[in-house]
$ cat protein_33.txt   # compact mmCIF, C-alpha atoms
# COMPACT_ATOMS: atom_id res chain seq x y z
CA MET A 1 -25.96 2.57 -7.42
CA THR A 2 -26.81 4.18 -10.73
CA GLY A 3 -29.16 1.57 -12.08
CA ARG A 4 -27.48 0.90 -15.43
CA ALA A 5 -23.96 -0.16 -14.48
CA ASP A 6 -23.23 -3.83 -14.00
CA PRO A 7 -23.85 -4.33 -10.26
CA GLY A 8 -20.93 -6.74 -9.99
CA THR A 9 -18.29 -4.33 -11.21
CA ASP A 10 -18.53 -0.53 -11.43
CA THR A 11 -21.08 -0.11 -8.65
CA ASP A 12 -19.06 -2.16 -6.18
CA VAL A 13 -15.89 -0.18 -6.91
CA LEU A 14 -17.71 3.14 -6.56
CA ASP A 15 -19.45 2.03 -3.36
CA ALA A 16 -16.11 0.94 -1.89
CA ALA A 17 -14.45 4.23 -2.81
CA PHE A 18 -17.34 6.18 -1.29
CA ALA A 19 -17.24 4.14 1.95
CA GLU A 20 -13.45 4.51 2.15
CA THR A 21 -13.77 8.29 1.74
CA VAL A 22 -16.25 8.54 4.60
CA ARG A 23 -14.13 6.30 6.83
CA ARG A 24 -10.87 8.10 6.02
CA THR A 25 -12.31 11.55 6.76
CA GLY A 26 -13.67 10.40 10.11
CA ALA A 27 -17.17 11.56 9.15
CA SER A 28 -20.10 9.99 10.97
CA ILE A 29 -22.42 10.32 7.98
CA GLY A 30 -21.73 10.40 4.27
CA ALA A 31 -23.91 10.82 1.22
CA LEU A 32 -23.22 10.89 -2.50
CA TYR A 33 -25.50 12.85 -4.80
CA LEU A 34 -25.37 12.64 -8.59
CA LEU A 35 -26.80 15.13 -11.05
CA ALA A 36 -29.81 14.01 -13.05
CA PRO A 37 -29.26 14.00 -16.84
CA ASP A 38 -31.01 17.38 -17.20
CA GLU A 39 -28.72 18.78 -14.44
CA ARG A 40 -31.65 20.29 -12.54
CA LEU A 41 -31.77 17.79 -9.70
CA LEU A 42 -29.33 16.03 -7.39
CA SER A 43 -30.31 12.45 -6.54
CA LEU A 44 -29.04 10.59 -3.50
CA VAL A 45 -27.33 7.42 -4.72
CA ALA A 46 -25.36 6.31 -1.66
CA VAL A 47 -25.51 6.92 2.07
CA CYS A 48 -23.65 5.57 5.05
CA GLY A 49 -23.80 6.17 8.78
CA VAL A 50 -27.60 6.50 8.94
CA PRO A 51 -30.55 4.36 7.89
CA VAL A 52 -31.78 5.05 4.37
CA GLU A 53 -35.14 6.09 5.88
CA PHE A 54 -33.41 8.95 7.71
CA ALA A 55 -32.03 10.29 4.43
CA ALA A 56 -35.30 9.87 2.50
CA PRO A 57 -36.42 13.53 2.87
CA TRP A 58 -33.19 14.57 1.14
CA ALA A 59 -33.24 11.94 -1.63
CA ARG A 60 -33.75 14.63 -4.28
CA VAL A 61 -32.45 18.17 -4.06
CA PRO A 62 -33.16 20.73 -6.79
CA LEU A 63 -29.90 22.23 -8.04
CA ALA A 64 -31.39 25.71 -7.66
CA SER A 65 -32.19 25.21 -3.95
CA PRO A 66 -30.30 27.10 -1.24
CA ALA A 67 -28.64 24.00 0.24
CA PRO A 68 -24.99 23.09 0.83
CA VAL A 69 -25.06 20.12 -1.60
CA ALA A 70 -26.58 22.27 -4.36
CA ASP A 71 -24.21 25.20 -3.76
CA ALA A 72 -21.18 22.90 -3.85
CA VAL A 73 -21.91 21.58 -7.32
CA ARG A 74 -23.51 24.75 -8.72
CA GLU A 75 -20.62 26.97 -7.59
CA ASN A 76 -17.93 24.28 -7.94
CA ARG A 77 -16.61 24.86 -4.43
CA LEU A 78 -16.25 23.08 -1.12
CA VAL A 79 -18.92 24.27 1.31
CA TRP A 80 -17.84 24.03 4.97
CA ILE A 81 -20.24 24.57 7.85
CA GLY A 82 -18.41 24.31 11.18
CA SER A 83 -21.26 24.87 13.63
CA GLN A 84 -25.02 24.95 14.03
CA GLU A 85 -24.85 28.74 14.34
CA GLU A 86 -23.07 28.98 10.99
CA MET A 87 -25.66 26.63 9.49
CA ALA A 88 -28.48 28.86 10.77
CA ARG A 89 -26.82 31.96 9.28
CA SER A 90 -25.84 30.47 5.93
CA TYR A 91 -28.62 27.93 5.34
CA PRO A 92 -31.60 28.70 7.61
CA ARG A 93 -33.95 26.24 5.87
CA THR A 94 -31.43 23.43 6.17
CA ALA A 95 -30.85 24.34 9.83
CA MET A 96 -34.57 24.00 10.49
CA VAL A 97 -34.74 20.45 9.12
CA LEU A 98 -31.33 19.46 10.55
CA PRO A 99 -31.45 21.09 14.00
CA TYR A 100 -28.54 19.06 15.38
CA PRO A 101 -25.13 20.39 16.39
CA LEU A 102 -22.82 19.19 13.62
CA ALA A 103 -20.12 20.09 11.15
CA LEU A 104 -20.74 19.57 7.46
CA ALA A 105 -18.74 19.55 4.23
CA ALA A 106 -20.29 19.43 0.77
CA ALA A 107 -17.78 19.06 -2.04
CA PRO A 108 -18.28 18.94 -5.80
CA VAL A 109 -17.54 15.66 -7.54
CA THR A 110 -16.16 16.99 -10.80
CA GLY A 111 -13.87 15.59 -13.45
CA VAL A 112 -14.33 15.91 -17.18
CA ARG A 113 -17.92 16.77 -16.30
CA ARG A 114 -19.93 17.71 -13.22
CA TRP A 115 -21.14 14.54 -11.52
CA GLY A 116 -22.63 15.73 -8.24
CA THR A 117 -21.73 16.29 -4.60
CA LEU A 118 -20.13 14.42 -1.74
CA LEU A 119 -21.69 15.29 1.63
CA LEU A 120 -19.87 14.54 4.89
CA MET A 121 -21.10 15.21 8.43
CA TRP A 122 -19.36 15.06 11.80
CA PRO A 123 -20.64 15.50 15.35
CA ALA A 124 -20.22 18.95 16.89
CA THR A 125 -17.36 17.62 19.03
CA ARG A 126 -14.94 18.04 16.12
CA PRO A 127 -13.13 21.38 15.69
CA SER A 128 -15.20 24.02 13.90
CA HIS A 129 -12.48 24.65 11.32
CA MET A 130 -11.16 22.44 8.56
CA THR A 131 -7.44 21.94 8.11
CA PRO A 132 -5.75 22.29 4.71
CA ARG A 133 -4.94 18.58 4.89
CA GLU A 134 -8.62 17.70 5.40
CA ARG A 135 -9.58 19.93 2.46
CA GLY A 136 -6.97 18.22 0.30
CA ASN A 137 -8.19 14.75 1.32
CA ILE A 138 -11.77 15.62 0.49
CA ARG A 139 -10.84 17.19 -2.87
CA SER A 140 -8.69 14.21 -3.87
CA SER A 141 -11.44 11.80 -2.82
CA CYS A 142 -13.94 13.70 -4.96
CA GLY A 143 -11.51 13.52 -7.87
CA ARG A 144 -11.23 9.76 -7.40
CA LEU A 145 -15.02 9.37 -7.30
CA ALA A 146 -15.28 11.46 -10.50
CA ARG A 147 -12.67 9.28 -12.24
CA LEU A 148 -14.55 6.12 -11.25
CA LEU A 149 -17.81 7.60 -12.54
CA GLU A 150 -16.13 8.58 -15.81
CA GLU A 151 -14.63 5.11 -16.24
CA ALA A 152 -18.03 3.55 -15.58
CA ALA A 153 -19.67 5.94 -18.04
CA ASP A 154 -17.32 4.73 -20.75
CA GLN A 155 -18.25 1.08 -20.14
CA PRO A 156 -21.27 -0.34 -21.94
CA GLY A 157 -24.15 -1.46 -19.74
CA PRO A 158 -26.04 -4.75 -20.08
CA ASP A 159 -28.00 -3.29 -23.01
CA GLY A 160 -24.77 -2.41 -24.87
CA ARG A 161 -25.14 1.35 -24.35
CA ASN A 162 -23.14 3.56 -22.02
CA TRP A 163 -25.06 4.13 -18.78
CA THR A 164 -24.78 7.92 -18.66
$ encode --input "protein_33.txt" --output "structure tokens"
Amino acid sequence: MTGRADPGTDTDVLDAAFAETVRRTGASIGALYLLAPDERLLSLVAVCGVPVEFAAPWARVPLASPAPVADAVRENRLVWIGSQEEMARSYPRTAMVLPYPLALAAAPVTGVRRWGTLLLMWPATRPSHMTPRERGNIRSSCGRLARLLEEAADQPGPDGRNWT
């Protein structure tokens, strides 16, 4: 997933935790973005629920862009968009490229350091509000992903250096 971690260990654990988060939240689509080392760009490192080709236009998102995934990590807050109308009001450019009725959550993956953003999407058939329990589940899942990333960062890669 990150390129430098041993694919048989850290990546598998992180992939499993990401997939479990998406499944447990009932989201139809999930994506995990990690900050580039210079912290100017979010890079898509995992996706589920859609073909990778579908997500290709959003593989890299500048941290300064007006997008839910960038706002979540930049402002260290959970961004909730409960309807297409709310998306059009809050993120008109995103609404133009994602013109589908949906609900969306973008949550910061933060621990000792900022790692990136977890993006979850549901069909418009779900309620337009998020319950406190759902918020708590998403926050705790982001904390778990951050811990796994921090543990992996402390492990030497195949070249003997840490992979962060």
$ closest_residue --input "protein_33.txt" --among "A:Asp38, A:Leu44, A:Ala103, A:Ala17" --to "Ser128 in chain A" --atoms "all atoms listed in the file"
A:Ala103
$ residues_around --input "protein_33.txt" --residues "Leu63 in chain A" --least-positions-apart "3" --cutoff "9 Å" --atoms "only C-alpha atoms" --output "MDAnalysis selection string"
chainID A and resid 35 39:42 66:67 69:71 73:74
$ atom_distance --input "protein_33.txt" --atom1 "CA of Ala105 in chain A" --atom2 "CA of Arg93 in chain A"
16.7 Å
$ closest_residue --input "protein_33.txt" --among "A:Leu119, A:Met96, A:Val50, A:Leu34" --to "Ile138 in chain A" --atoms "only C-alpha atoms"
A:Leu119
$ atom_distance --input "protein_33.txt" --atom1 "CA of Met121 in chain A" --atom2 "CA of Ala107 in chain A"
11.6 Å
$ build_atoms --input "protein_33.txt" --residues "range 7-31 of chain A" --atoms "N, CA and C atoms" --output "JSON list (two decimals), in the frame of the given file"
[["chain", "number", "residue", "atom", "x", "y", "z"],
["A", 7, "PRO", "N", -23.97, -4.39, -11.70],
["A", 7, "PRO", "CA", -23.85, -4.33, -10.26],
["A", 7, "PRO", "C", -22.65, -5.09, -9.72],
["A", 8, "GLY", "N", -22.06, -5.99, -10.48],
["A", 8, "GLY", "CA", -20.93, -6.74, -9.99],
["A", 8, "GLY", "C", -19.60, -6.05, -10.21],
["A", 9, "THR", "N", -19.57, -4.94, -10.91],
["A", 9, "THR", "CA", -18.29, -4.33, -11.21],
["A", 9, "THR", "C", -18.24, -2.87, -10.79],
["A", 10, "ASP", "N", -18.68, -1.97, -11.65],
["A", 10, "ASP", "CA", -18.53, -0.53, -11.43],
["A", 10, "ASP", "C", -19.18, -0.06, -10.13],
["A", 11, "THR", "N", -20.37, -0.54, -9.84],
["A", 11, "THR", "CA", -21.08, -0.11, -8.65],
["A", 11, "THR", "C", -20.32, -0.50, -7.39],
["A", 12, "ASP", "N", -19.81, -1.72, -7.35],
["A", 12, "ASP", "CA", -19.06, -2.16, -6.18],
["A", 12, "ASP", "C", -17.82, -1.31, -5.96],
["A", 13, "VAL", "N", -17.11, -0.99, -7.02],
["A", 13, "VAL", "CA", -15.89, -0.18, -6.91],
["A", 13, "VAL", "C", -16.24, 1.23, -6.43],
["A", 14, "LEU", "N", -17.28, 1.80, -6.97],
["A", 14, "LEU", "CA", -17.71, 3.14, -6.56],
["A", 14, "LEU", "C", -18.20, 3.14, -5.11],
["A", 15, "ASP", "N", -18.99, 2.14, -4.74],
["A", 15, "ASP", "CA", -19.45, 2.03, -3.36],
["A", 15, "ASP", "C", -18.28, 1.91, -2.40],
["A", 16, "ALA", "N", -17.29, 1.11, -2.75],
["A", 16, "ALA", "CA", -16.11, 0.94, -1.89],
["A", 16, "ALA", "C", -15.33, 2.24, -1.76],
["A", 17, "ALA", "N", -15.17, 2.96, -2.86],
["A", 17, "ALA", "CA", -14.45, 4.23, -2.81],
["A", 17, "ALA", "C", -15.20, 5.25, -1.97],
["A", 18, "PHE", "N", -16.52, 5.28, -2.09],
["A", 18, "PHE", "CA", -17.34, 6.18, -1.29],
["A", 18, "PHE", "C", -17.20, 5.84, 0.20],
["A", 19, "ALA", "N", -17.36, 4.57, 0.55],
["A", 19, "ALA", "CA", -17.24, 4.14, 1.95],
["A", 19, "ALA", "C", -15.86, 4.44, 2.51],
["A", 20, "GLU", "N", -14.82, 4.22, 1.72],
["A", 20, "GLU", "CA", -13.45, 4.51, 2.15],
["A", 20, "GLU", "C", -13.27, 6.01, 2.39],
["A", 21, "THR", "N", -13.85, 6.83, 1.56],
["A", 21, "THR", "CA", -13.77, 8.29, 1.74],
["A", 21, "THR", "C", -14.40, 8.70, 3.06],
["A", 22, "VAL", "N", -15.57, 8.20, 3.35],
["A", 22, "VAL", "CA", -16.25, 8.54, 4.60],
["A", 22, "VAL", "C", -15.41, 8.08, 5.79],
["A", 23, "ARG", "N", -14.93, 6.85, 5.73],
["A", 23, "ARG", "CA", -14.13, 6.30, 6.83],
["A", 23, "ARG", "C", -12.85, 7.11, 7.03],
["A", 24, "ARG", "N", -12.16, 7.41, 5.94],
["A", 24, "ARG", "CA", -10.87, 8.10, 6.02],
["A", 24, "ARG", "C", -11.00, 9.53, 6.55],
["A", 25, "THR", "N", -12.12, 10.18, 6.27],
["A", 25, "THR", "CA", -12.31, 11.55, 6.76],
["A", 25, "THR", "C", -12.77, 11.59, 8.21],
["A", 26, "GLY", "N", -13.17, 10.44, 8.74],
["A", 26, "GLY", "CA", -13.67, 10.40, 10.11],
["A", 26, "GLY", "C", -15.10, 10.89, 10.24],
["A", 27, "ALA", "N", -15.78, 11.09, 9.12],
["A", 27, "ALA", "CA", -17.17, 11.56, 9.15],
["A", 27, "ALA", "C", -18.07, 10.48, 9.75],
["A", 28, "SER", "N", -19.11, 10.92, 10.41],
["A", 28, "SER", "CA", -20.10, 9.99, 10.97],
["A", 28, "SER", "C", -21.13, 9.60, 9.93],
["A", 29, "ILE", "N", -21.40, 10.53, 9.02],
["A", 29, "ILE", "CA", -22.42, 10.32, 7.98],
["A", 29, "ILE", "C", -21.85, 10.77, 6.65],
["A", 30, "GLY", "N", -22.14, 10.02, 5.62],
["A", 30, "GLY", "CA", -21.73, 10.40, 4.27],
["A", 30, "GLY", "C", -22.87, 10.17, 3.30],
["A", 31, "ALA", "N", -22.91, 10.98, 2.26],
["A", 31, "ALA", "CA", -23.91, 10.82, 1.22],
["A", 31, "ALA", "C", -23.29, 11.23, -0.11]]
